[in-house]
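Structure first, commentary second.
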Amino acid sequence: MADNLVSKFRGVSTLDWQWYEYSLTYANSVIPEAMLYAYKTTQNYLYKEIAEASFHFLLQIIFKKEQIKVVSNQGWHHKNYESYEFGEQPIEIAYTIFALDLFYREFKELDYFIKMKYAFHWFLGANHLHQIIYNPCTGGCYDGLEKLDVNLNQGAESTLSYFLSRLIIEKYELEEESE
């Protein structure tokens, strides 16, 4: 499977588009994360190289200053076209946190850790609406951000996305306390 991703990456990527397809769609962070796991399993340096290149490319697109803005669920981010700005889902934030965690553990680059914290703070109001997405009263997580409002549905996918992300962040906080 990793070789298939290598083939896709080689067939599509250019200097200014370091990706596997001509668009960024859903669960983007999972792909470079999978490539890094493939490297960790096989020690094939090409997998590591492509994992890093594609993840850096993705991070440049979804992080603006100190805030994350994942690819919209209203329309994908196509090469050479403007992307939709609004329609963010908690699962996309969680996928990014999972990948940032792996990349940080593997490479110890502080930028991954910092971006992981910025991504987690999206749940706590560091988003374009400055609205909390995790609801501490219900223990649920809202289903996303639109242009002008929060999707108030609190589905299991969103709630699990918050809690799994929180577990990763708390792991680092516990490590800091024990030092």
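Chain labels follow the order of the structure tokens: the first chain is A, the next B, and so on; residue numbering restarts at 1 in every chain, and ligands are counted from 1 in their shown order.
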Query raised in the report: Among chain A, which ones does DSSP place in helix (DSSP H, G or I), written as a VMD selection string?
Result: chain A and resid 2 to 12 30 to 42 45 to 62 90 to 107 110 to 123 156 to 178
Give me the residues of range 41-149 of chain A that have any atom at most 8 Å from an atom of range 165-171 of chain A; for each, the nearest atom pair and the distance in Å, rounded to one decimal. Use only C-alpha atoms, sort by chain and number, and format it as a tab-separated table.
residue	atom	partner	partner_atom	distance
A:Ala94	CA	A:Ser165	CA	5.6
A:Ile97	CA	A:Ser165	CA	6.4
A:Phe98	CA	A:Ser165	CA	7.3
A:Asp101	CA	A:Ile168	CA	7.4
A:Met116	CA	A:Ile169	CA	8.0
A:Lys117	CA	A:Ile169	CA	7.3
A:Phe120	CA	A:Ser165	CA	6.8
Save out the residues we just selected, N, CA, C and O atoms, as a tab-separated table (two decimals), in the first residue's frame.
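File produced: selection32.tsv:
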chain	number	residue	atom	x	y	z
A	94	ALA	N	-8.88	16.25	14.92
A	94	ALA	CA	-8.34	15.08	15.63
A	94	ALA	C	-7.34	14.33	14.76
A	94	ALA	O	-6.25	13.98	15.22
A	97	ILE	N	-4.15	16.15	14.85
A	97	ILE	CA	-3.47	15.98	16.13
A	97	ILE	C	-2.80	14.62	16.21
A	97	ILE	O	-1.65	14.50	16.66
A	98	PHE	N	-3.47	13.58	15.74
A	98	PHE	CA	-2.88	12.23	15.77
A	98	PHE	C	-1.57	12.21	14.95
A	98	PHE	O	-0.56	11.67	15.38
A	101	ASP	N	1.21	14.25	16.59
A	101	ASP	CA	1.76	13.49	17.71
A	101	ASP	C	2.81	12.50	17.20
A	101	ASP	O	3.92	12.42	17.73
A	116	MET	N	0.38	21.01	17.36
A	116	MET	CA	-0.54	20.10	18.03
A	116	MET	C	-1.35	20.86	19.08
A	116	MET	O	-2.57	20.69	19.19
A	117	LYS	N	-0.70	21.72	19.83
A	117	LYS	CA	-1.41	22.51	20.84
A	117	LYS	C	-2.37	23.51	20.19
A	117	LYS	O	-3.50	23.68	20.65
A	120	PHE	N	-5.40	21.59	19.11
A	120	PHE	CA	-6.29	21.24	20.23
A	120	PHE	C	-7.07	22.47	20.70
A	120	PHE	O	-8.26	22.35	21.06
Query raised in the report: Neighbours of range 67-79 of chain A within 8 Å (only C-alpha atoms; same-chain residues fewer than 5 positions away dropped), as a PyMOL selection string?
Result: chain A and resi 17+22-26+62+84-89+92-93+118-119+122+126-127
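Within the 12 Å cut-off around Glu106 in chain A, using only C-alpha atoms and omitting residues fewer than 5 positions from it on the same chain, the listed residues are Glu33, Leu36, Tyr37, Tyr39, Lys40, Lys48, Ala51, Glu52, Ala99, Leu100, Asp101, Tyr112 and Phe113 of chain A.
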Report task. Assign secondary structure with DSSP using the backbone only, and return the residues of range 28-161 of chain A in strand (DSSP E or B) as a PyMOL selection string. Result -> chain A and resi 63-64+67-68+77-78+88+134-135+140-141+144-145+150-151
Put those residues in a file: C-alpha atoms, as a PDB file, in the first residue's frame.
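Saved the output as again_8.pdb:
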ATOM      1  CA  PHE A  63      -2.165  26.398   9.624  1.00  0.00           C
ATOM      2  CA  LYS A  64      -2.343  30.159   9.405  1.00  0.00           C
ATOM      3  CA  GLN A  67      -4.663  28.833  14.178  1.00  0.00           C
ATOM      4  CA  ILE A  68      -5.706  25.719  12.313  1.00  0.00           C
ATOM      5  CA  HIS A  77      -9.100  22.168  -1.803  1.00  0.00           C
ATOM      6  CA  HIS A  78      -8.206  21.647  -5.467  1.00  0.00           C
ATOM      7  CA  GLU A  88     -14.738  22.459   9.585  1.00  0.00           C
ATOM      8  CA  TYR A 134     -16.345  21.106  23.345  1.00  0.00           C
ATOM      9  CA  ASN A 135     -19.345  21.503  25.624  1.00  0.00           C
ATOM     10  CA  GLY A 140     -20.174  16.412  24.139  1.00  0.00           C
ATOM     11  CA  CYS A 141     -18.496  18.117  21.238  1.00  0.00           C
ATOM     12  CA  GLY A 144     -18.377  21.657  13.502  1.00  0.00           C
ATOM     13  CA  LEU A 145     -17.981  25.227  12.453  1.00  0.00           C
ATOM     14  CA  VAL A 150     -21.503  26.346  15.334  1.00  0.00           C
ATOM     15  CA  ASN A 151     -23.272  23.142  14.288  1.00  0.00           C
TER      16      ASN A 151
END
Report task. Take CA of Pro32 in chain A and CA of His128 in chain A and report the distance between them in Å, one decimal. Result -> 25.9 Å
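Of note, CA of Ser161 in chain A and CA of Ile91 in chain A are spaced 5.3 Å apart.
From CA of Tyr104 in chain A back to CA of Arg10 in chain A, the distance works out to 25.2 Å.
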Query raised in the report: If you count only C-alpha atoms, which residues fall within 12 Å of Leu15 in chain A, apart from same-chain ones fewer than 6 positions away, as an MDAnalysis selection string?
Result: chainID A and resid 9 53:54 57
